[in-house]
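Okay, run19.pdb now, which holds PDB, C-alpha atoms:
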ATOM      1  CA  MET A1346       3.740  30.562 -15.048
ATOM      2  CA  LEU A1347       2.775  26.900 -15.246
ATOM      3  CA  GLU A1348       0.269  26.173 -18.020
ATOM      4  CA  VAL A1349      -1.790  23.021 -18.402
ATOM      5  CA  TYR A1350      -4.005  22.620 -21.451
ATOM      6  CA  GLY A1351      -3.657  26.345 -22.093
ATOM      7  CA  THR A1352      -4.763  27.286 -18.588
ATOM      8  CA  PRO A1353      -2.238  29.206 -16.490
ATOM      9  CA  LEU A1354      -2.000  28.023 -12.889
ATOM     10  CA  ARG A1355      -0.922  30.472 -10.240
ATOM     11  CA  SER A1356      -0.179  27.764  -7.711
ATOM     12  CA  ARG A1357       2.005  24.711  -8.086
ATOM     13  CA  LEU A1358       0.147  22.988  -5.264
ATOM     14  CA  LEU A1359      -3.014  21.143  -6.287
ATOM     15  CA  LEU A1360      -5.172  19.953  -3.427
ATOM     16  CA  GLY A1361      -7.446  16.953  -2.991
ATOM     17  CA  SER A1362     -10.781  17.516  -1.274
ATOM     18  CA  ALA A1363     -11.233  14.160   0.511
ATOM     19  CA  ARG A1364     -10.823  13.011   4.094
ATOM     20  CA  TYR A1365     -10.968  16.403   5.861
ATOM     21  CA  PRO A1366     -12.521  16.543   9.326
ATOM     22  CA  SER A1367     -15.231  18.948   8.124
ATOM     23  CA  PRO A1368     -16.272  21.067   5.131
ATOM     24  CA  ALA A1369     -15.117  24.181   7.012
ATOM     25  CA  VAL A1370     -11.631  22.743   7.453
ATOM     26  CA  LEU A1371     -11.535  21.795   3.757
ATOM     27  CA  SER A1372     -12.390  25.386   2.774
ATOM     28  CA  ALA A1373      -9.791  26.830   5.125
ATOM     29  CA  ALA A1374      -7.166  24.353   3.874
ATOM     30  CA  VAL A1375      -7.797  25.300   0.231
ATOM     31  CA  ARG A1376      -7.281  28.947   1.134
ATOM     32  CA  ALA A1377      -4.168  28.217   3.222
ATOM     33  CA  ALA A1378      -2.719  26.143   0.368
ATOM     34  CA  ARG A1379      -3.489  29.000  -2.062
ATOM     35  CA  ALA A1380      -4.506  26.199  -4.418
ATOM     36  CA  ASP A1381      -6.377  27.070  -7.567
ATOM     37  CA  VAL A1382      -7.030  23.477  -8.599
ATOM     38  CA  VAL A1383      -8.976  21.109  -6.341
ATOM     39  CA  THR A1384      -9.738  17.483  -7.193
ATOM     40  CA  VAL A1385     -13.273  16.178  -6.845
ATOM     41  CA  SER A1386     -15.085  12.929  -7.526
ATOM     42  CA  LEU A1387     -18.465  11.301  -8.112
ATOM     43  CA  ARG A1388     -20.155   8.753  -5.902
ATOM     44  CA  ARG A1389     -23.468   6.982  -5.683
ATOM     45  CA  GLU A1390     -26.053   8.986  -3.811
ATOM     46  CA  SER A1391     -29.573   7.936  -2.854
ATOM     47  CA  GLY A1392     -32.626  10.088  -3.513
ATOM     48  CA  GLY A1393     -32.865  11.179   0.120
ATOM     49  CA  GLU A1394     -29.269  12.313   0.523
ATOM     50  CA  ARG A1395     -28.056  15.856   0.087
ATOM     51  CA  ALA A1396     -24.319  15.500   0.839
ATOM     52  CA  GLY A1397     -23.267  15.752  -2.786
ATOM     53  CA  GLN A1398     -25.251  18.916  -3.429
ATOM     54  CA  ALA A1399     -23.878  20.536  -0.274
ATOM     55  CA  PHE A1400     -20.329  19.590  -1.242
ATOM     56  CA  TRP A1401     -20.745  20.957  -4.752
ATOM     57  CA  SER A1402     -22.079  24.271  -3.389
ATOM     58  CA  LEU A1403     -19.073  24.514  -1.107
ATOM     59  CA  ILE A1404     -16.582  23.861  -3.926
ATOM     60  CA  ARG A1405     -18.260  26.369  -6.235
ATOM     61  CA  GLY A1406     -17.936  28.963  -3.485
ATOM     62  CA  LEU A1407     -14.156  28.504  -3.326
ATOM     63  CA  ASP A1408     -13.370  30.087  -6.698
ATOM     64  CA  VAL A1409     -11.146  27.179  -7.787
ATOM     65  CA  ARG A1410     -10.884  25.107 -10.914
ATOM     66  CA  VAL A1411     -12.044  21.546 -10.328
ATOM     67  CA  LEU A1412     -10.227  18.468 -11.551
ATOM     68  CA  PRO A1413     -12.645  15.504 -11.431
ATOM     69  CA  ASN A1414     -11.068  12.103 -10.935
ATOM     70  CA  THR A1415     -12.078   8.581 -11.879
ATOM     71  CA  ALA A1416     -10.914   7.188  -8.533
ATOM     72  CA  GLY A1417     -11.954   3.647  -7.777
ATOM     73  CA  CYS A1418     -12.344   2.645 -11.423
ATOM     74  CA  HIS A1419     -10.743  -0.693 -12.193
ATOM     75  CA  SER A1420     -11.653  -0.974 -15.882
ATOM     76  CA  VAL A1421     -11.428   1.141 -19.018
ATOM     77  CA  LYS A1422     -15.198   1.079 -19.385
ATOM     78  CA  GLU A1423     -15.838   2.293 -15.830
ATOM     79  CA  ALA A1424     -13.252   5.046 -16.160
ATOM     80  CA  VAL A1425     -14.566   6.285 -19.518
ATOM     81  CA  THR A1426     -18.204   6.292 -18.328
ATOM     82  CA  THR A1427     -17.221   8.050 -15.097
ATOM     83  CA  ALA A1428     -15.310  10.671 -17.096
ATOM     84  CA  HIS A1429     -18.415  11.386 -19.172
ATOM     85  CA  MET A1430     -20.538  11.686 -16.041
ATOM     86  CA  ALA A1431     -17.992  13.997 -14.420
ATOM     87  CA  ARG A1432     -17.774  16.221 -17.491
ATOM     88  CA  GLU A1433     -21.516  16.796 -17.346
ATOM     89  CA  VAL A1434     -21.762  17.361 -13.596
ATOM     90  CA  PHE A1435     -18.663  19.516 -13.169
ATOM     91  CA  GLY A1436     -18.773  21.262 -16.518
ATOM     92  CA  THR A1437     -15.101  20.755 -17.372
ATOM     93  CA  PRO A1438     -13.197  18.762 -20.005
ATOM     94  CA  TRP A1439     -10.463  18.101 -17.419
ATOM     95  CA  VAL A1440     -10.271  14.625 -15.958
ATOM     96  CA  LYS A1441      -7.710  13.061 -13.658
ATOM     97  CA  LEU A1442      -7.756   9.622 -15.168
ATOM     98  CA  GLU A1443      -7.226   6.762 -12.738
ATOM     99  CA  VAL A1444      -7.519   3.127 -13.705
ATOM    100  CA  ILE A1445      -6.483   1.115 -10.690
ATOM    101  CA  GLY A1446      -4.696  -2.160 -11.281
ATOM    102  CA  ASP A1447      -3.784  -3.404  -7.836
ATOM    103  CA  ALA A1448      -6.022  -3.335  -4.787
ATOM    104  CA  ASP A1449      -3.210  -3.158  -2.212
ATOM    105  CA  THR A1450      -0.951  -0.522  -3.724
ATOM    106  CA  LEU A1451      -3.603   1.235  -5.852
ATOM    107  CA  GLN A1452      -0.966   1.100  -8.549
ATOM    108  CA  PRO A1453      -2.272   2.346 -11.901
ATOM    109  CA  ASP A1454      -3.162  -0.274 -14.490
ATOM    110  CA  VAL A1455      -1.070   1.411 -17.156
ATOM    111  CA  PHE A1456      -2.499  -0.743 -19.949
ATOM    112  CA  GLY A1457      -6.079   0.202 -19.090
ATOM    113  CA  LEU A1458      -4.953   3.771 -18.477
ATOM    114  CA  LEU A1459      -3.539   4.047 -21.964
ATOM    115  CA  ASP A1460      -6.671   2.589 -23.579
ATOM    116  CA  ALA A1461      -8.915   4.952 -21.604
ATOM    117  CA  ALA A1462      -6.651   7.930 -22.346
ATOM    118  CA  ARG A1463      -6.819   7.219 -26.099
ATOM    119  CA  ILE A1464     -10.611   7.120 -25.996
ATOM    120  CA  LEU A1465     -11.023  10.243 -23.866
ATOM    121  CA  CYS A1466      -8.413  12.355 -25.687
ATOM    122  CA  ALA A1467     -10.125  11.504 -28.982
ATOM    123  CA  GLU A1468     -13.415  12.675 -27.479
ATOM    124  CA  GLY A1469     -11.979  16.046 -26.530
ATOM    125  CA  PHE A1470     -11.242  15.450 -22.883
ATOM    126  CA  GLU A1471      -8.169  17.088 -21.372
ATOM    127  CA  VAL A1472      -6.691  14.099 -19.627
ATOM    128  CA  PHE A1473      -4.426  14.177 -16.562
ATOM    129  CA  PRO A1474      -3.316  10.526 -16.398
ATOM    130  CA  TYR A1475      -2.352   9.118 -13.010
ATOM    131  CA  THR A1476       0.590   6.982 -14.029
ATOM    132  CA  THR A1477       3.874   5.523 -12.841
ATOM    133  CA  GLU A1478       7.350   6.823 -13.654
ATOM    134  CA  ASP A1479       7.618   4.362 -16.568
ATOM    135  CA  LEU A1480       9.151   6.168 -19.553
ATOM    136  CA  VAL A1481       7.524   4.030 -22.226
ATOM    137  CA  VAL A1482       4.061   4.424 -20.729
ATOM    138  CA  ALA A1483       4.672   8.168 -20.502
ATOM    139  CA  GLU A1484       5.640   8.310 -24.182
ATOM    140  CA  ARG A1485       2.510   6.355 -25.163
ATOM    141  CA  LEU A1486       0.266   8.598 -23.064
ATOM    142  CA  LEU A1487       1.707  11.647 -24.795
ATOM    143  CA  ASP A1488       1.185   9.955 -28.178
ATOM    144  CA  ALA A1489      -2.434   9.348 -27.150
ATOM    145  CA  GLY A1490      -2.912  13.094 -26.733
ATOM    146  CA  CYS A1491      -2.208  13.731 -23.042
ATOM    147  CA  ARG A1492      -0.501  17.103 -22.550
ATOM    148  CA  VAL A1493       0.332  16.615 -18.877
ATOM    149  CA  LEU A1494       1.389  13.579 -16.851
ATOM    150  CA  MET A1495       0.804  12.783 -13.203
ATOM    151  CA  PRO A1496       3.383  10.248 -12.045
ATOM    152  CA  TRP A1497       2.989   8.821  -8.578
ATOM    153  CA  GLY A1498       5.479   9.611  -5.833
ATOM    154  CA  ALA A1499       4.412   6.549  -3.834
ATOM    155  CA  PRO A1500       1.173   4.612  -3.366
ATOM    156  CA  ILE A1501      -1.861   6.815  -2.712
ATOM    157  CA  GLY A1502      -2.153   7.838   0.917
ATOM    158  CA  SER A1503       1.105   6.126   1.916
ATOM    159  CA  GLY A1504       2.993   9.307   2.800
ATOM    160  CA  ARG A1505       6.272   7.758   1.670
ATOM    161  CA  GLY A1506       7.413  10.603  -0.561
ATOM    162  CA  LEU A1507       9.337  10.096  -3.785
ATOM    163  CA  ASN A1508       9.760   6.346  -3.811
ATOM    164  CA  ASN A1509      11.843   6.045  -6.959
ATOM    165  CA  LEU A1510      14.089   9.088  -7.231
ATOM    166  CA  TYR A1511      16.066   7.652 -10.109
ATOM    167  CA  GLY A1512      12.944   6.837 -12.120
ATOM    168  CA  LEU A1513      11.308  10.192 -11.463
ATOM    169  CA  THR A1514      14.516  12.072 -12.317
ATOM    170  CA  ALA A1515      14.773  10.109 -15.564
ATOM    171  CA  LEU A1516      11.153  10.932 -16.396
ATOM    172  CA  ARG A1517      11.758  14.643 -15.810
ATOM    173  CA  GLY A1518      14.879  14.558 -17.946
ATOM    174  CA  ARG A1519      13.190  12.701 -20.795
ATOM    175  CA  PHE A1520      10.212  15.039 -21.187
ATOM    176  CA  PRO A1521      11.556  18.515 -20.463
ATOM    177  CA  GLY A1522       8.662  20.380 -22.067
ATOM    178  CA  VAL A1523       5.766  18.397 -20.621
ATOM    179  CA  PRO A1524       4.047  19.566 -17.424
ATOM    180  CA  LEU A1525       4.695  16.844 -14.842
ATOM    181  CA  ILE A1526       2.694  16.873 -11.635
ATOM    182  CA  VAL A1527       3.683  14.444  -8.891
ATOM    183  CA  ASP A1528       0.483  12.910  -7.642
ATOM    184  CA  ALA A1529       0.062  10.631  -4.677
ATOM    185  CA  GLY A1530       2.183   9.397  -1.837
ATOM    186  CA  LEU A1531       3.621  12.637  -0.499
ATOM    187  CA  GLY A1532       3.647  12.755   3.297
ATOM    188  CA  VAL A1533       5.375  15.937   4.419
ATOM    189  CA  PRO A1534       6.211  19.318   2.858
ATOM    190  CA  SER A1535       9.865  18.349   2.302
ATOM    191  CA  HIS A1536       8.652  15.692  -0.164
ATOM    192  CA  ALA A1537       6.881  18.414  -2.133
ATOM    193  CA  ALA A1538       9.931  20.673  -2.025
ATOM    194  CA  GLN A1539      12.048  17.782  -3.281
ATOM    195  CA  ALA A1540       9.701  17.184  -6.210
ATOM    196  CA  LEU A1541       9.922  20.831  -7.263
ATOM    197  CA  GLU A1542      13.706  20.844  -6.759
ATOM    198  CA  LEU A1543      13.946  17.900  -9.155
ATOM    199  CA  GLY A1544      12.125  19.980 -11.731
ATOM    200  CA  PHE A1545       8.575  18.682 -11.419
ATOM    201  CA  ASP A1546       6.121  21.420 -12.228
ATOM    202  CA  ALA A1547       3.656  20.891  -9.412
ATOM    203  CA  VAL A1548       2.401  18.408  -6.840
ATOM    204  CA  LEU A1549      -1.037  17.157  -5.914
ATOM    205  CA  VAL A1550      -1.544  16.480  -2.213
ATOM    206  CA  ASN A1551      -4.556  15.210  -0.334
ATOM    207  CA  THR A1552      -4.111  12.800   2.596
ATOM    208  CA  ALA A1553      -0.961  14.485   3.917
ATOM    209  CA  VAL A1554      -2.972  17.671   4.429
ATOM    210  CA  ALA A1555      -6.434  16.317   5.194
ATOM    211  CA  GLN A1556      -5.285  13.808   7.795
ATOM    212  CA  ALA A1557      -2.696  16.043   9.491
ATOM    213  CA  THR A1558      -3.462  17.026  13.077
ATOM    214  CA  ASP A1559      -3.983  20.585  11.837
ATOM    215  CA  PRO A1560      -4.897  20.363   8.129
ATOM    216  CA  VAL A1561      -5.020  24.126   7.624
ATOM    217  CA  ALA A1562      -1.540  24.664   9.058
ATOM    218  CA  MET A1563      -0.250  21.719   7.002
ATOM    219  CA  ALA A1564      -1.770  23.181   3.831
ATOM    220  CA  GLY A1565       0.140  26.385   4.512
ATOM    221  CA  ALA A1566       3.335  24.418   5.127
ATOM    222  CA  PHE A1567       2.966  22.607   1.787
ATOM    223  CA  ALA A1568       2.422  25.935   0.030
ATOM    224  CA  LEU A1569       5.687  27.263   1.462
ATOM    225  CA  ALA A1570       7.527  24.053   0.539
ATOM    226  CA  VAL A1571       6.327  24.188  -3.053
ATOM    227  CA  GLU A1572       7.447  27.811  -3.341
ATOM    228  CA  ALA A1573      10.826  26.980  -1.806
ATOM    229  CA  GLY A1574      11.324  23.971  -4.065
ATOM    230  CA  TYR A1575      10.418  25.925  -7.176
ATOM    231  CA  ALA A1576      12.700  28.835  -6.216
ATOM    232  CA  ALA A1577      15.523  26.369  -5.547
ATOM    233  CA  ARG A1578      15.035  24.699  -8.908
ATOM    234  CA  ARG A1579      15.292  28.019 -10.685
ATOM    235  CA  ALA A1580      18.365  28.905  -8.613
ATOM    236  CA  GLY A1581      20.229  25.813  -9.919
ATOM    237  CA  PRO A1582      21.017  23.278  -7.176
ATOM    238  CA  ILE A1583      24.547  21.859  -6.979
ATOM    239  CA  GLU A1584      25.266  18.254  -7.844
ATOM    240  CA  ALA A1585      25.601  15.812  -4.951
ATOM    241  CA  ARG A1586      29.153  14.443  -4.495
ATOM    242  CA  ASP A1587      30.554  11.377  -2.822
ATOM    243  CA  PHE A1588      33.348  13.189  -0.916
ATOM    244  CA  ALA A1589      33.844  16.440   0.971
ATOM    245  CA  VAL A1590      34.786  19.629  -0.826
ATOM    246  CA  PRO A1591      36.068  22.377   1.516
ATOM    247  CA  SER A1592      33.823  25.404   1.473
ATOM    248  CA  THR A1593      36.419  27.645   3.071
ATOM    249  CA  PRO A1594      39.217  28.544   0.598
ATOM    250  CA  VAL A1595      42.386  26.501   1.241
ATOM    251  CA  VAL A1596      44.714  28.985  -0.465
ATOM    252  CA  GLY A1597      46.726  30.985   2.082
ATOM    253  CA  GLN A1598      45.752  28.758   4.954
ATOM    254  CA  ALA A1599      48.054  29.170   8.039
ATOM    255  CA  PHE A1600      50.461  26.501   9.352
ATOM    256  CA  ARG A1601      50.728  24.667   6.037
ATOM    257  CA  GLY A1602      54.046  24.260   4.258
TER
ATOM    258  CA  MET B1245     -40.867  -2.632 -12.783
ATOM    259  CA  ARG B1246     -37.772  -3.676 -10.865
ATOM    260  CA  ILE B1247     -34.503  -1.948 -11.637
ATOM    261  CA  LEU B1248     -31.147  -1.921  -9.870
ATOM    262  CA  VAL B1249     -30.489   1.618  -8.606
ATOM    263  CA  ASN B1250     -26.958   2.149  -7.331
ATOM    264  CA  GLY B1251     -26.730  -1.536  -6.551
ATOM    265  CA  VAL B1252     -30.116  -1.780  -4.758
ATOM    266  CA  TRP B1253     -33.249  -3.315  -6.308
ATOM    267  CA  ARG B1254     -36.078  -0.776  -6.470
ATOM    268  CA  GLU B1255     -39.681  -1.001  -7.656
ATOM    269  CA  THR B1256     -40.425   1.900  -9.992
ATOM    270  CA  ALA B1257     -43.501   3.051 -11.886
ATOM    271  CA  PHE B1258     -42.194   4.676 -15.063
ATOM    272  CA  ALA B1259     -40.241   3.619 -18.090
ATOM    273  CA  GLU B1260     -38.838   7.083 -18.779
ATOM    274  CA  LEU B1261     -35.514   7.783 -17.033
ATOM    275  CA  ALA B1262     -36.357  11.421 -16.233
ATOM    276  CA  ALA B1263     -39.620  10.408 -14.518
ATOM    277  CA  THR B1264     -37.875   7.608 -12.652
ATOM    278  CA  LEU B1265     -35.322  10.064 -11.267
ATOM    279  CA  GLU B1266     -38.165  12.292 -10.024
ATOM    280  CA  GLU B1267     -39.847   9.290  -8.454
ATOM    281  CA  LEU B1268     -36.644   8.248  -6.675
ATOM    282  CA  GLY B1269     -36.180  11.721  -5.175
ATOM    283  CA  TYR B1270     -33.495  13.099  -7.488
ATOM    284  CA  GLY B1271     -35.636  15.885  -8.926
ATOM    285  CA  GLY B1272     -33.725  19.142  -9.367
ATOM    286  CA  ARG B1273     -30.489  17.593  -8.143
ATOM    287  CA  VAL B1274     -27.050  17.797  -9.713
ATOM    288  CA  VAL B1275     -26.486  14.165 -10.649
ATOM    289  CA  ALA B1276     -25.092  12.206 -13.571
ATOM    290  CA  THR B1277     -26.666   9.010 -14.820
ATOM    291  CA  ALA B1278     -25.623   5.802 -16.513
ATOM    292  CA  VAL B1279     -27.831   2.924 -17.623
ATOM    293  CA  ASN B1280     -26.269  -0.530 -17.925
ATOM    294  CA  GLY B1281     -22.826   1.053 -17.767
ATOM    295  CA  GLU B1282     -23.467   3.601 -20.536
ATOM    296  CA  PHE B1283     -23.525   7.328 -19.747
ATOM    297  CA  VAL B1284     -26.907   8.988 -20.350
ATOM    298  CA  ALA B1285     -26.653  12.763 -20.678
ATOM    299  CA  ALA B1286     -29.136  14.926 -18.777
ATOM    300  CA  GLU B1287     -30.705  16.137 -22.012
ATOM    301  CA  ALA B1288     -31.331  12.522 -23.106
ATOM    302  CA  ARG B1289     -33.171  11.406 -19.958
ATOM    303  CA  ARG B1290     -36.633  12.202 -21.338
ATOM    304  CA  ARG B1291     -36.112   9.972 -24.343
ATOM    305  CA  THR B1292     -34.391   7.145 -22.488
ATOM    306  CA  ALA B1293     -36.601   4.195 -21.587
ATOM    307  CA  LEU B1294     -35.777   1.799 -18.781
ATOM    308  CA  ALA B1295     -36.622  -1.893 -18.867
ATOM    309  CA  GLU B1296     -37.057  -4.543 -16.202
ATOM    310  CA  GLY B1297     -33.685  -5.481 -14.711
ATOM    311  CA  ASP B1298     -31.799  -2.412 -15.962
ATOM    312  CA  ARG B1299     -28.886  -1.154 -13.905
ATOM    313  CA  LEU B1300     -29.148   2.559 -13.168
ATOM    314  CA  GLU B1301     -26.275   4.512 -11.662
ATOM    315  CA  VAL B1302     -26.970   7.931 -10.188
ATOM    316  CA  LEU B1303     -23.820   9.750  -9.131
ATOM    317  CA  ALA B1304     -23.412  13.033  -7.274
ATOM    318  CA  PRO B1305     -20.416  15.286  -6.591
ATOM    319  CA  MET B1306     -18.233  13.991  -3.806
ATOM    320  CA  GLN B1307     -14.883  14.687  -2.190
ATOM    321  CA  GLY B1308     -11.968  13.202  -4.095
ATOM    322  CA  GLY B1309      -8.189  13.059  -4.172
TER
END

Show me this structure written as structure tokens.
Amino acid sequence: MLEVYGTPLRSRLLLGSARYPSPAVLSAAVRAARADVVTVSLRRESGGERAGQAFWSLIRGLDVRVLPNTAGCHSVKEAVTTAHMAREVFGTPWVKLEVIGDADTLQPDVFGLLDAARILCAEGFEVFPYTTEDLVVAERLLDAGCRVLMPWGAPIGSGRGLNNLYGLTALRGRFPGVPLIVDAGLGVPSHAAQALELGFDAVLVNTAVAQATDPVAMAGAFALAVEAGYAARRAGPIEARDFAVPSTPVVGQAFRG
Amino acid sequence: MRILVNGVWRETAFAELAATLEELGYGGRVVATAVNGEFVAAEARRRTALAEGDRLEVLAPMQGG
């Protein structure tokens, strides 16, 4: 079973909680995904609003582990303060650490990410860094105390799948013992299956489910894909080749020689 | 006293953060607070004093990816 920071996870599909058509659809999607980790966030709320309290009640009713993010933070200071606020509100040392460096691609600012990760790991947080496939950054994040990495597949919400297969494969190969969760950019279940086939331990999906025509059905489809990809990985996929190799035995073939 | 609450200037009566939160309608709510960019834990709100021009952030749980 997959373990992150000593916690066993039954499901290799982590689900984001944003952008669903309604709270009821979110709840049904979490169940259909059989997810036991759901990402959450913090936002400004005025004294008259009750949306945040209602959302928190709904999440607590789902019997899932929450993974708070620092989405939207563009500096180390913002990310670290947000992590502290999230730890208090959600009552967990887990934090999906995002420090955004580019407004168009939402690419992680890996320099800020590393600084924030060092600070938070030293303070006892269990950091899930949203990073790129860069091997050196990955090594530094592990040195900083991260025990899991969340490389992007493609820019957040883009639905492009695994954008850099070579880089992601290299990352998997370099850190065989580290839980690697592909986060961001997956569009369809086959992308998730591919990530698991490559040996990634899990995927985190949000937009591809929440914005599907039928989010609940799509959550179920992702759950099946993750299972299939994981089973395939364990079964040992063949290597791709450049030329055909006959599958039917050629020995004893009629009309030859 | 004027303070910036979640980016909006508000006139408030009290110096104490806990009382200010009550005044602004956050009483009994699950929120996290920061003053001038520094996290203030819930248990520290009674001993945290606000000053004119302070920036108060009050954050609540929200959907996230």

**Request:** Find the residues of chain A in contact range of chain B, meaning any atom within 10 Å when counting all atoms listed in the file, and list them as number ranges by chain.
**Result:** A: 1359-1365, 1368, 1371, 1383-1402, 1404, 1412-1416, 1422-1423, 1425-1435, 1441, 1501-1502, 1528-1529, 1549-1552

Deliver the residues from the most recent selection as a file, using C-alpha atoms, as a PDB file, in the coordinates of the input.
ATOM      1  CA  LEU A1359      -3.014  21.143  -6.287  1.00  0.00           C
ATOM      2  CA  LEU A1360      -5.172  19.953  -3.427  1.00  0.00           C
ATOM      3  CA  GLY A1361      -7.446  16.953  -2.991  1.00  0.00           C
ATOM      4  CA  SER A1362     -10.781  17.516  -1.274  1.00  0.00           C
ATOM      5  CA  ALA A1363     -11.233  14.160   0.511  1.00  0.00           C
ATOM      6  CA  ARG A1364     -10.823  13.011   4.094  1.00  0.00           C
ATOM      7  CA  TYR A1365     -10.968  16.403   5.861  1.00  0.00           C
ATOM      8  CA  PRO A1368     -16.272  21.067   5.131  1.00  0.00           C
ATOM      9  CA  LEU A1371     -11.535  21.795   3.757  1.00  0.00           C
ATOM     10  CA  VAL A1383      -8.976  21.109  -6.341  1.00  0.00           C
ATOM     11  CA  THR A1384      -9.738  17.483  -7.193  1.00  0.00           C
ATOM     12  CA  VAL A1385     -13.273  16.178  -6.845  1.00  0.00           C
ATOM     13  CA  SER A1386     -15.085  12.929  -7.526  1.00  0.00           C
ATOM     14  CA  LEU A1387     -18.465  11.301  -8.112  1.00  0.00           C
ATOM     15  CA  ARG A1388     -20.155   8.753  -5.902  1.00  0.00           C
ATOM     16  CA  ARG A1389     -23.468   6.982  -5.683  1.00  0.00           C
ATOM     17  CA  GLU A1390     -26.053   8.986  -3.811  1.00  0.00           C
ATOM     18  CA  SER A1391     -29.573   7.936  -2.854  1.00  0.00           C
ATOM     19  CA  GLY A1392     -32.626  10.088  -3.513  1.00  0.00           C
ATOM     20  CA  GLY A1393     -32.865  11.179   0.120  1.00  0.00           C
ATOM     21  CA  GLU A1394     -29.269  12.313   0.523  1.00  0.00           C
ATOM     22  CA  ARG A1395     -28.056  15.856   0.087  1.00  0.00           C
ATOM     23  CA  ALA A1396     -24.319  15.500   0.839  1.00  0.00           C
ATOM     24  CA  GLY A1397     -23.267  15.752  -2.786  1.00  0.00           C
ATOM     25  CA  GLN A1398     -25.251  18.916  -3.429  1.00  0.00           C
ATOM     26  CA  ALA A1399     -23.878  20.536  -0.274  1.00  0.00           C
ATOM     27  CA  PHE A1400     -20.329  19.590  -1.242  1.00  0.00           C
ATOM     28  CA  TRP A1401     -20.745  20.957  -4.752  1.00  0.00           C
ATOM     29  CA  SER A1402     -22.079  24.271  -3.389  1.00  0.00           C
ATOM     30  CA  ILE A1404     -16.582  23.861  -3.926  1.00  0.00           C
ATOM     31  CA  LEU A1412     -10.227  18.468 -11.551  1.00  0.00           C
ATOM     32  CA  PRO A1413     -12.645  15.504 -11.431  1.00  0.00           C
ATOM     33  CA  ASN A1414     -11.068  12.103 -10.935  1.00  0.00           C
ATOM     34  CA  THR A1415     -12.078   8.581 -11.879  1.00  0.00           C
ATOM     35  CA  ALA A1416     -10.914   7.188  -8.533  1.00  0.00           C
ATOM     36  CA  LYS A1422     -15.198   1.079 -19.385  1.00  0.00           C
ATOM     37  CA  GLU A1423     -15.838   2.293 -15.830  1.00  0.00           C
ATOM     38  CA  VAL A1425     -14.566   6.285 -19.518  1.00  0.00           C
ATOM     39  CA  THR A1426     -18.204   6.292 -18.328  1.00  0.00           C
ATOM     40  CA  THR A1427     -17.221   8.050 -15.097  1.00  0.00           C
ATOM     41  CA  ALA A1428     -15.310  10.671 -17.096  1.00  0.00           C
ATOM     42  CA  HIS A1429     -18.415  11.386 -19.172  1.00  0.00           C
ATOM     43  CA  MET A1430     -20.538  11.686 -16.041  1.00  0.00           C
ATOM     44  CA  ALA A1431     -17.992  13.997 -14.420  1.00  0.00           C
ATOM     45  CA  ARG A1432     -17.774  16.221 -17.491  1.00  0.00           C
ATOM     46  CA  GLU A1433     -21.516  16.796 -17.346  1.00  0.00           C
ATOM     47  CA  VAL A1434     -21.762  17.361 -13.596  1.00  0.00           C
ATOM     48  CA  PHE A1435     -18.663  19.516 -13.169  1.00  0.00           C
ATOM     49  CA  LYS A1441      -7.710  13.061 -13.658  1.00  0.00           C
ATOM     50  CA  ILE A1501      -1.861   6.815  -2.712  1.00  0.00           C
ATOM     51  CA  GLY A1502      -2.153   7.838   0.917  1.00  0.00           C
ATOM     52  CA  ASP A1528       0.483  12.910  -7.642  1.00  0.00           C
ATOM     53  CA  ALA A1529       0.062  10.631  -4.677  1.00  0.00           C
ATOM     54  CA  LEU A1549      -1.037  17.157  -5.914  1.00  0.00           C
ATOM     55  CA  VAL A1550      -1.544  16.480  -2.213  1.00  0.00           C
ATOM     56  CA  ASN A1551      -4.556  15.210  -0.334  1.00  0.00           C
ATOM     57  CA  THR A1552      -4.111  12.800   2.596  1.00  0.00           C
TER      58      THR A1552
END

**Request:** Taking the file above as input, evaluate the PyMOL selection byres ((chain A and resi 1572) around 9) and report the hits as a ChimeraX atom specification.
**Result:** /A:1356-1358,1538,1541,1567-1571,1573-1577

Please dump the current selection as an mmCIF file, keeping the file's coordinate frame; keep C-alpha atoms.
data_model
loop_
_atom_site.group_PDB
_atom_site.id
_atom_site.type_symbol
_atom_site.label_atom_id
_atom_site.label_comp_id
_atom_site.auth_asym_id
_atom_site.auth_seq_id
_atom_site.Cartn_x
_atom_site.Cartn_y
_atom_site.Cartn_z
ATOM 1 C CA SER A 1356 -0.179 27.764 -7.711
ATOM 2 C CA ARG A 1357 2.005 24.711 -8.086
ATOM 3 C CA LEU A 1358 0.147 22.988 -5.264
ATOM 4 C CA ALA A 1538 9.931 20.673 -2.025
ATOM 5 C CA LEU A 1541 9.922 20.831 -7.263
ATOM 6 C CA PHE A 1567 2.966 22.607 1.787
ATOM 7 C CA ALA A 1568 2.422 25.935 0.030
ATOM 8 C CA LEU A 1569 5.687 27.263 1.462
ATOM 9 C CA ALA A 1570 7.527 24.053 0.539
ATOM 10 C CA VAL A 1571 6.327 24.188 -3.053
ATOM 11 C CA ALA A 1573 10.826 26.980 -1.806
ATOM 12 C CA GLY A 1574 11.324 23.971 -4.065
ATOM 13 C CA TYR A 1575 10.418 25.925 -7.176
ATOM 14 C CA ALA A 1576 12.700 28.835 -6.216
ATOM 15 C CA ALA A 1577 15.523 26.369 -5.547
#

**Test item: residues at most 8 Å from stretch 1442-1450 of chain A, only C-alpha atoms, excluding those fewer than 4 positions along its chain, as a PyMOL selection string** = chain A and resi 1414-1421+1424+1428+1454-1455+1457-1458+1462+1472-1476+1500-1501

**Message:** Given the PyMOL selection byres ((chain A and resi 1347) around 12) and the file above, list the residues it selects as a list in words.
**Reply:**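 For this structure, the PyMOL selection byres ((chain A and resi 1347) around 12) captures Met1346, Glu1348, Val1349, Tyr1350, Gly1351, Thr1352, Pro1353, Leu1354, Arg1355, Ser1356, Arg1357, Leu1358, Asp1381, Val1493, Gly1522, Val1523, Pro1524, Leu1525, Ile1526, Phe1545, Asp1546, Ala1547, Val1548 and Tyr1575 of chain A.
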